[in-house]
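Here is the structure we will look at.
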Amino acid sequence: MNVIERYYLHTRSPFAELTRFFFDGLLRPEWMNNDGSFQTRLIQIVSAIFCAGIFFPRELRRTYAFLHTLPAPGRYRAQASSDWMLAMLLISLAVAVWTVMQWRSLFPSGRDHLILTPQPVTRGQLFGAKLAALLIFVTLFILVLTLTCGFTLPAVATGRWELRPLWLRAAALLAGSIGLSYFLCLALLALQGVLMAILSIRWFESVSFLVQAILLFALLCAFPLVSYLPVREAVATVPQWLDWFPPGWFWALAERIAGSHDPAIVRLSHRAEAGLALAALIAATSYLISYLQFNRYALEIAGSRSGPLMDWSAQFARLFPSAQGRGVSEFVLRTLLRGRQQKLIVVLIAGIGVALVVDGWFSATYVGPRYRTASSVMREAVVSMPLTLSFFSLLAVRRAFRTPAALSANWIFRFFETRAATRQELNSMFLTFVLVAGVPPIAACLLIEWAVFGRDAIAILLVESLMMAAFAEYLFRNWCSIPFTFLLNPGRRHFIQSASIHLGEFTIYSLIGGFIVLQGTVDHSVWILQAAIACAGALWFERQRRAAICDAPLQFTEPAADAIEVLRLLD
Amino acid sequence: MLEVRNLTKRFRGIPAVENVSFTVRPGEILGYAGPNGSGKSTTIKMITGLIEPSDGAILFQGVDVRRDLAAFKRRVGYIPEEPHLYPHLSGLEYLTLIGRLRGMNARILERKAEDLLALFDLRDHRFSPLASYSKGMRQRVLISAALLGDPELIILDEPFSGLDVSAALLFRQLLEQLAQRGKMILFSSHVLEIVEKVCSQVVILCRGQVVAQDSIANLRNLLALPSLVEVFSQLTRQEDFTVRAAEIISVVSR
């Protein structure tokens, strides 16, 4: 154990102890595996961003070298200024995504109240520790993201047209990035706090999740859209819309720190200061209200008093002929609809798919026509849309259903486990996955495909449906467990390795598959060949899946206590 | 001595607990019984600081606990009715957290936590996440956590829930020995047979009010009834369950 670790683990006071406990909790949130993999993944992701912060500006060096050779400084200044705003936008979006993912950990929860309040800690210590842990974590996260970019970007831009010293530009960019990141983080904290203050616990859970899902979706879609923002025009002309665009305020703050006296920039920078102060004030007030209302957790319960108007899960389950199939299908759907962790994972992964589709549309609308005909770019975007959406939704559902939730429900399925019942259960579960995650994205694209391809849309969707079926069979070929009722196996693959494999799958399924479908509009025999290959693939993977069902009983993985213990002892 | 004086809790004006008073003396196990919704858990939540009373006082060794709630809670061990635990922590990590919050010396805490887990047959699972524990195992972790700081007052809300026979017998012995060592024990339970065997005194609560408070033997003699179950039925005016049981059977056999 090194000195830092010893210092970190040393007990000082209940406040320090709680701060460390909450800080650890931020490193292993419950929506991820509880085997410490989130910590590893967070480090991997942050390291990747850290490296990007070093290498991306290197790519810009050539551009800046060229700009410094020009006879006037105008283009250089516009480029440098817009790069600042883009860097600040991307960093703050990353911080905002992280904050939204930690949505439930932003305030002490009902469980914190029930577990920690009977302990000898005051409510002030509890709230103070939570806030301290959050601020330390956010600060470290922001610093890691901003430090490299904050120094390397001004460094590579240095040249004959840059008259301001490097340290001043680095300090300005850092101040702008950190300010914007804190602003977004505090604004999100304030939003959650206001929801807590105005809603009863009964409503808070569902409304808060809805807001979290919408925010996550919006932020993921915002990532690709950043590159379509008219940033260069905005930094040159400082238009009116920047008054309502917080990243613009903080860009102006950075410019002002770097020496700009333009009245429009000074005005915007004042908005940044006021915005940051206001967000901090609302966040602090909502924390105080939450502090005063903390007892509610012991009195109020979440949930609805009345039943749903329409039981969609039961209606959906009618599609399955056997009682076991209906039971499993209903169970899967209900848990997906009510399991917060599962819904969050679906939103996160499916949101990436939607973000790619949005990117494709923007690319087709704004960029594509410069190089090719507008219609060819549009046709590509439309063809790949159902494939991209079904790829990510199937992947999302698979990932969500690998997250353990109700281990105590194990006995239900064990109790009734027979070979015949198991086969029906697993088959109906697979069909549920396909009907919930595979079919809707393709069906949703019918109208738009019809609008672009006319009658050909039917054939295209048919081919794409077969491809989706083959992909679903491939994705679930080794699946032998009822969702949620097993403990998660330790990750078999490294995060980067998994991401690379999925990238390969995405390339084959969506990009190459979409390209071949498009070729079929010229020569219809391509579709016949493609459909035949998809059918063959689907049948082959289906055989594998059914063989796996026959060979093995349901997987109810027991806790890997012994293995974990051995590893710890070896440590 | 723990003294609860005229404790009242109203939710939107409706009293859940009204003028409840009782005393737990050193070496005494006080049973706290009542039907569902009678206000047992609300009383216990008020004593442990989870909710604030609307009225009344809680005195510990003659001092109002609200003067220094943290100092009071340092002297209390609490086993809640629901096993609220952080599922991502292991049993050992949970005990370590609780011990540290109580300001225990690191070396003593480490040894105590290991020994308690071993004595409650949890040694093999001490590094496993609590999410993988059975209900009985979680209950044993909660008992270990409650006893970790050697508290003067132990508050138990349905502590036998989920325990197997041997663990329940061990726990019963443990309670008796703790009482002999002068600990104050407040024992809340629906299981009247256990209350009858474990407790020396009993408080019976009905609709938020105390309807009886005496030693179990005195209550039996006073009402001329053979067991606490019948005393309880008489005092809380339970409905005739034979009719309802017959209704259930008729539904089952449809």
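Chain labels A, B, ... are given in the sequence in which chains occur in the structure tokens; within each chain residues are numbered consecutively from 1, and ligands are likewise numbered from 1 in the order shown.
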Residues near Val463 (chain A), cut-off 10 Å, only C-alpha atoms, skip fewer than 2 positions along chain, as a ChimeraX atom specification: /A:457-461,465-469,513,517,520,527-532,534-535
Rank nothing, just name the residue among B:Ala146, B:Leu122, B:Ala70, B:Val251 nearest to Gly49 (chain B), using only C-alpha atoms. B:Ala70
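Between CA of Ser510 (chain A) and CA of Trp540 (chain A) lies a distance of 20.0 Å.
Using only C-alpha atoms, the chain B residues found within 7 Å of chain A amount to Thr48, Gly49, Leu50, Ile51, Ala70, Ala71, Lys73, Arg74, His84, Leu85, His88, Arg100, Leu101, Arg102, Gly103, His125, Phe127, Ser128 and Ser132 of chain B.
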Those same residues, written as a PDB file, in the first residue's frame with N, CA and C atoms?
```
ATOM      1  N   THR B  48     -34.555   6.889  16.612  1.00  0.00           N
ATOM      2  CA  THR B  48     -33.259   6.804  15.916  1.00  0.00           C
ATOM      3  C   THR B  48     -32.959   8.044  15.078  1.00  0.00           C
ATOM      4  N   GLY B  49     -33.878   9.011  15.070  1.00  0.00           N
ATOM      5  CA  GLY B  49     -33.605  10.265  14.371  1.00  0.00           C
ATOM      6  C   GLY B  49     -34.000  10.254  12.913  1.00  0.00           C
ATOM      7  N   LEU B  50     -34.638   9.175  12.450  1.00  0.00           N
ATOM      8  CA  LEU B  50     -35.029   9.131  11.036  1.00  0.00           C
ATOM      9  C   LEU B  50     -36.166  10.096  10.737  1.00  0.00           C
ATOM     10  N   ILE B  51     -37.068  10.271  11.702  1.00  0.00           N
ATOM     11  CA  ILE B  51     -38.091  11.318  11.547  1.00  0.00           C
ATOM     12  C   ILE B  51     -38.171  12.106  12.854  1.00  0.00           C
ATOM     13  N   ALA B  70     -26.054  13.307  17.514  1.00  0.00           N
ATOM     14  CA  ALA B  70     -24.941  12.464  17.048  1.00  0.00           C
ATOM     15  C   ALA B  70     -24.318  11.718  18.227  1.00  0.00           C
ATOM     16  N   ALA B  71     -24.171  12.411  19.361  1.00  0.00           N
ATOM     17  CA  ALA B  71     -23.584  11.757  20.549  1.00  0.00           C
ATOM     18  C   ALA B  71     -24.510  10.647  21.044  1.00  0.00           C
ATOM     19  N   LYS B  73     -26.619   8.905  19.167  1.00  0.00           N
ATOM     20  CA  LYS B  73     -26.598   7.793  18.217  1.00  0.00           C
ATOM     21  C   LYS B  73     -25.299   6.978  18.314  1.00  0.00           C
ATOM     22  N   ARG B  74     -24.256   7.613  18.837  1.00  0.00           N
ATOM     23  CA  ARG B  74     -22.998   6.883  19.041  1.00  0.00           C
ATOM     24  C   ARG B  74     -23.175   5.798  20.109  1.00  0.00           C
ATOM     25  N   HIS B  84     -31.888  -2.257   4.935  1.00  0.00           N
ATOM     26  CA  HIS B  84     -31.335  -1.221   4.060  1.00  0.00           C
ATOM     27  C   HIS B  84     -29.812  -1.294   4.104  1.00  0.00           C
ATOM     28  N   LEU B  85     -29.220  -1.636   2.977  1.00  0.00           N
ATOM     29  CA  LEU B  85     -27.759  -1.772   2.891  1.00  0.00           C
ATOM     30  C   LEU B  85     -27.316  -1.254   1.529  1.00  0.00           C
ATOM     31  N   HIS B  88     -23.528  -2.546  -3.221  1.00  0.00           N
ATOM     32  CA  HIS B  88     -22.218  -2.675  -3.876  1.00  0.00           C
ATOM     33  C   HIS B  88     -21.085  -2.868  -2.880  1.00  0.00           C
ATOM     34  N   ARG B 100     -16.131   3.193  11.214  1.00  0.00           N
ATOM     35  CA  ARG B 100     -15.412   4.458  11.020  1.00  0.00           C
ATOM     36  C   ARG B 100     -16.325   5.643  11.327  1.00  0.00           C
ATOM     37  N   LEU B 101     -17.593   5.531  10.917  1.00  0.00           N
ATOM     38  CA  LEU B 101     -18.524   6.624  11.221  1.00  0.00           C
ATOM     39  C   LEU B 101     -18.714   6.763  12.737  1.00  0.00           C
ATOM     40  N   ARG B 102     -18.495   5.660  13.442  1.00  0.00           N
ATOM     41  CA  ARG B 102     -18.592   5.714  14.899  1.00  0.00           C
ATOM     42  C   ARG B 102     -17.266   6.150  15.527  1.00  0.00           C
ATOM     43  N   GLY B 103     -16.295   6.420  14.665  1.00  0.00           N
ATOM     44  CA  GLY B 103     -15.008   6.913  15.154  1.00  0.00           C
ATOM     45  C   GLY B 103     -14.180   5.859  15.859  1.00  0.00           C
ATOM     46  N   HIS B 125     -17.990 -15.087   3.254  1.00  0.00           N
ATOM     47  CA  HIS B 125     -18.663 -14.162   2.331  1.00  0.00           C
ATOM     48  C   HIS B 125     -18.265 -12.720   2.575  1.00  0.00           C
ATOM     49  N   PHE B 127     -16.007 -10.803   1.581  1.00  0.00           N
ATOM     50  CA  PHE B 127     -15.600  -9.963   0.455  1.00  0.00           C
ATOM     51  C   PHE B 127     -16.642  -9.921  -0.669  1.00  0.00           C
ATOM     52  N   SER B 128     -17.734 -10.665  -0.483  1.00  0.00           N
ATOM     53  CA  SER B 128     -18.778 -10.668  -1.530  1.00  0.00           C
ATOM     54  C   SER B 128     -19.664  -9.444  -1.376  1.00  0.00           C
ATOM     55  N   SER B 132     -25.363  -9.979  -3.121  1.00  0.00           N
ATOM     56  CA  SER B 132     -25.441 -11.429  -3.299  1.00  0.00           C
ATOM     57  C   SER B 132     -25.803 -12.152  -2.002  1.00  0.00           C
TER      58      SER B 132
END
```
Write out as a short mmCIF file (atom, residue, chain, number, x, y, z; two decimals) with C-alpha atoms, in the first residue's frame all residues of region 127-311 of chain A that DSSP puts in alpha helix (DSSP H) for this structure's backbone.
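Produced file out15.cif, reproduced below:
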```cif
data_model
loop_
_atom_site.label_atom_id
_atom_site.label_comp_id
_atom_site.auth_asym_id
_atom_site.auth_seq_id
_atom_site.Cartn_x
_atom_site.Cartn_y
_atom_site.Cartn_z
CA PHE A 127 -25.06 16.66 3.01
CA GLY A 128 -21.67 18.35 3.30
CA ALA A 129 -19.87 15.10 2.57
CA LYS A 130 -22.05 14.37 -0.45
CA LEU A 131 -21.49 17.84 -1.87
CA ALA A 132 -17.76 17.71 -1.10
CA ALA A 133 -17.37 14.33 -2.80
CA LEU A 134 -19.29 15.56 -5.81
CA LEU A 135 -17.29 18.77 -6.13
CA ILE A 136 -13.95 16.97 -5.70
CA PHE A 137 -14.91 14.43 -8.33
CA VAL A 138 -16.23 17.03 -10.78
CA THR A 139 -13.15 19.21 -10.25
CA LEU A 140 -10.79 16.31 -10.93
CA PHE A 141 -12.80 15.28 -13.97
CA ILE A 142 -12.85 18.82 -15.37
CA LEU A 143 -9.15 19.34 -14.66
CA VAL A 144 -8.16 16.12 -16.41
CA LEU A 145 -10.24 17.07 -19.44
CA THR A 146 -9.19 20.70 -19.63
CA LEU A 147 -5.54 20.72 -18.61
CA THR A 148 -4.10 19.04 -21.69
CA CYS A 149 -6.34 20.84 -24.11
CA GLY A 150 -5.90 24.10 -22.23
CA PHE A 151 -2.15 24.04 -22.77
CA THR A 152 -1.67 22.22 -26.05
CA LEU A 153 -4.22 24.16 -28.11
CA PRO A 154 -2.72 27.62 -27.37
CA ALA A 155 0.79 26.14 -27.77
CA VAL A 156 0.23 24.82 -31.32
CA LEU A 166 1.18 31.65 -24.19
CA TRP A 167 0.46 31.61 -20.44
CA LEU A 168 -2.28 34.23 -20.83
CA ARG A 169 -4.01 32.31 -23.62
CA ALA A 170 -3.71 29.01 -21.69
CA ALA A 171 -5.12 30.62 -18.56
CA ALA A 172 -7.98 32.18 -20.55
CA LEU A 173 -8.91 28.90 -22.26
CA LEU A 174 -8.72 27.03 -18.95
CA ALA A 175 -10.89 29.60 -17.20
CA GLY A 176 -13.47 29.47 -19.99
CA SER A 177 -13.55 25.65 -20.14
CA ILE A 178 -13.65 25.18 -16.38
CA GLY A 179 -16.28 27.90 -16.00
CA LEU A 180 -18.52 26.40 -18.69
CA SER A 181 -18.10 22.88 -17.27
CA TYR A 182 -18.99 24.07 -13.77
CA PHE A 183 -21.89 26.08 -15.13
CA LEU A 184 -23.40 23.02 -16.85
CA CYS A 185 -22.72 20.78 -13.87
CA LEU A 186 -24.27 23.25 -11.40
CA ALA A 187 -27.22 23.93 -13.73
CA LEU A 188 -27.96 20.20 -13.88
CA LEU A 189 -27.56 19.94 -10.12
CA ALA A 190 -29.98 22.85 -9.72
CA LEU A 191 -32.48 21.23 -12.09
CA GLN A 192 -32.45 17.99 -10.12
CA GLY A 193 -32.71 19.97 -6.87
CA VAL A 194 -35.69 21.98 -8.10
CA LEU A 195 -37.45 18.77 -9.15
CA MET A 196 -36.79 17.33 -5.68
CA ALA A 197 -38.10 20.44 -4.01
CA ILE A 198 -41.33 20.79 -5.97
CA ILE A 201 -41.36 11.42 -3.74
CA ARG A 202 -44.20 9.59 -5.50
CA TRP A 203 -43.81 11.74 -8.63
CA PHE A 204 -40.16 12.62 -8.30
CA GLU A 205 -38.82 9.19 -9.28
CA SER A 206 -40.61 9.00 -12.62
CA VAL A 207 -40.31 12.68 -13.58
CA SER A 208 -36.64 12.78 -12.60
CA PHE A 209 -35.89 9.74 -14.75
CA LEU A 210 -37.77 11.22 -17.69
CA VAL A 211 -35.75 14.42 -17.41
CA GLN A 212 -32.53 12.41 -17.11
CA ALA A 213 -33.37 10.34 -20.21
CA ILE A 214 -34.27 13.45 -22.26
CA LEU A 215 -31.10 15.23 -21.19
CA LEU A 216 -28.94 12.22 -21.96
CA PHE A 217 -30.52 11.85 -25.39
CA ALA A 218 -30.12 15.55 -26.13
CA LEU A 219 -26.50 15.64 -25.00
CA LEU A 220 -25.55 12.57 -27.03
CA CYS A 221 -27.16 14.10 -30.11
CA ALA A 222 -25.40 17.40 -29.37
CA PHE A 223 -21.94 15.82 -29.73
CA PRO A 224 -22.07 15.32 -33.53
CA LEU A 225 -24.03 18.57 -33.97
CA VAL A 231 -18.81 28.78 -34.89
CA ARG A 232 -16.46 30.68 -37.20
CA GLU A 233 -19.19 33.16 -38.17
CA ALA A 234 -20.29 33.44 -34.56
CA VAL A 235 -16.84 34.37 -33.22
CA ALA A 236 -16.32 36.85 -36.07
CA THR A 237 -19.66 38.69 -35.86
CA PRO A 246 -24.06 29.68 -22.61
CA PRO A 247 -20.95 28.27 -24.35
CA GLY A 248 -20.78 31.60 -26.15
CA TRP A 249 -20.75 33.45 -22.82
CA PHE A 250 -17.78 31.45 -21.56
CA TRP A 251 -15.96 31.73 -24.86
CA ALA A 252 -16.37 35.50 -24.44
CA LEU A 253 -15.06 35.22 -20.89
CA ALA A 254 -11.95 33.45 -22.19
CA GLU A 255 -11.49 36.09 -24.89
CA ARG A 256 -11.84 38.88 -22.33
CA ILE A 257 -9.25 37.26 -20.05
CA PRO A 263 -17.99 45.60 -26.04
CA ALA A 264 -20.04 42.63 -27.33
CA ILE A 265 -17.52 40.18 -25.87
CA VAL A 266 -17.38 42.05 -22.56
CA ARG A 267 -21.19 42.00 -22.39
CA LEU A 268 -21.30 38.26 -23.04
CA SER A 269 -18.56 37.59 -20.49
CA HIS A 270 -20.66 39.37 -17.85
CA ARG A 271 -23.45 36.94 -18.70
CA ALA A 272 -21.01 34.08 -18.02
CA GLU A 273 -20.21 35.44 -14.56
CA ALA A 274 -23.86 36.06 -13.76
CA GLY A 275 -24.90 32.66 -15.15
CA LEU A 276 -22.30 30.83 -13.12
CA ALA A 277 -23.28 32.69 -9.96
CA LEU A 278 -26.98 32.06 -10.59
CA ALA A 279 -26.45 28.34 -11.25
CA ALA A 280 -24.37 28.07 -8.06
CA LEU A 281 -27.02 29.96 -6.10
CA ILE A 282 -29.91 27.80 -7.34
CA ALA A 283 -27.89 24.62 -6.78
CA ALA A 284 -27.00 25.72 -3.23
CA THR A 285 -30.60 26.70 -2.50
CA SER A 286 -31.95 23.41 -3.79
CA TYR A 287 -29.34 21.59 -1.68
CA LEU A 288 -30.54 23.54 1.33
CA ILE A 289 -34.21 22.73 0.57
CA SER A 290 -33.31 19.07 0.13
CA TYR A 291 -31.48 19.25 3.48
CA LEU A 292 -34.57 20.63 5.17
CA ARG A 296 -39.57 12.94 3.59
CA TYR A 297 -37.65 9.84 2.56
CA ALA A 298 -38.69 8.07 5.74
CA LEU A 299 -42.34 8.98 5.24
#
```
Atom-to-atom span, CA of Leu394 (chain A) and CA of Trp103 (chain A), Å: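 Computed distance, CA of Leu394 (chain A) to CA of Trp103 (chain A), equals 24.8 Å.
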Mind checking which residues fall within 8 Å of Val210 (chain B), counting only C-alpha atoms, ignoring those fewer than 4 positions away in the same chain, and posting them as a ChimeraX atom specification? /B:20-21,203-206
So how far away is CA of Ser105 (chain A) from CA of Leu199 (chain A), in Å?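 Answer for the CA of Leu199 (chain A) to CA of Ser105 (chain A) separation: 17.7 Å.
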Residue nearest Thr42 (chain B) among B:Ser188, B:Thr96, B:Ser134, B:Ser253 (counting only C-alpha atoms): B:Ser188
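Distances to Ser144 (chain B) were evaluated for B:Leu178, B:Leu97, B:Ile79, B:Val191 using only C-alpha atoms, and the minimum falls at B:Ile79.
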For region 147-152 of chain B, find every residue with an atom within 7 Å (counting only C-alpha atoms), except residues of its own chain fewer than 4 positions away, and show them as a PyMOL selection string. chain B and resi 75-77+99+102+143+183-184
Going by DSSP on the backbone, which bits of region 10-126 of chain B are strand (DSSP E)? Write them as a ChimeraX atom specification, please. /B:10-11,14-24,29-33,55-60,63-64,76-79
Using only C-alpha atoms, which residues sit within 12 Å of Thr63 (chain A) once same-chain residues fewer than 2 positions away are excluded, as a list in words?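 Using only C-alpha atoms, the neighbours found are Phe56, Pro57, Arg58, Glu59, Leu60, Arg61, Ala65, Phe66, Leu67, His68, Thr69, Leu70, Arg75, Tyr76, Gln79, Ala80, Asp83, Val156, Ala157, Thr158 and Gly159 of chain A.
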Need the shell around Glu52 (chain B): protein/DNA/RNA residues with any atom at most 10 Å away, counting only C-alpha atoms. Skip same-chain ones fewer than 6 positions apart. Format as a list in words? Asn295 of chain A; Thr8, Lys9, Thr42, Thr43, Lys45, Met46 and Arg66 of chain B
Need the shell around region 164-175 of chain B: protein/DNA/RNA residues with any atom at most 8 Å away, counting only C-alpha atoms. Skip same-chain ones fewer than 2 positions apart. Format as an NGL selection string? :B and (120 or 136 or 160 or 162 or 177-179 or 185 or 198)
Deliver the residues from the most recent selection as a file, using C-alpha atoms, as a PDB file, in the first residue's frame.
```
ATOM      1  CA  PHE B 120     -22.041 -14.907  12.571  1.00  0.00           C
ATOM      2  CA  GLY B 136     -30.644 -14.021   6.706  1.00  0.00           C
ATOM      3  CA  PHE B 160     -35.467 -12.283  13.792  1.00  0.00           C
ATOM      4  CA  GLY B 162     -34.856 -14.020   7.879  1.00  0.00           C
ATOM      5  CA  GLN B 177     -26.383 -11.927  27.785  1.00  0.00           C
ATOM      6  CA  LEU B 178     -26.358  -8.339  26.582  1.00  0.00           C
ATOM      7  CA  ALA B 179     -29.172  -7.541  29.019  1.00  0.00           C
ATOM      8  CA  ILE B 185     -32.846  -3.306  24.686  1.00  0.00           C
ATOM      9  CA  VAL B 198     -37.236 -12.790  25.103  1.00  0.00           C
TER      10      VAL B 198
END
```
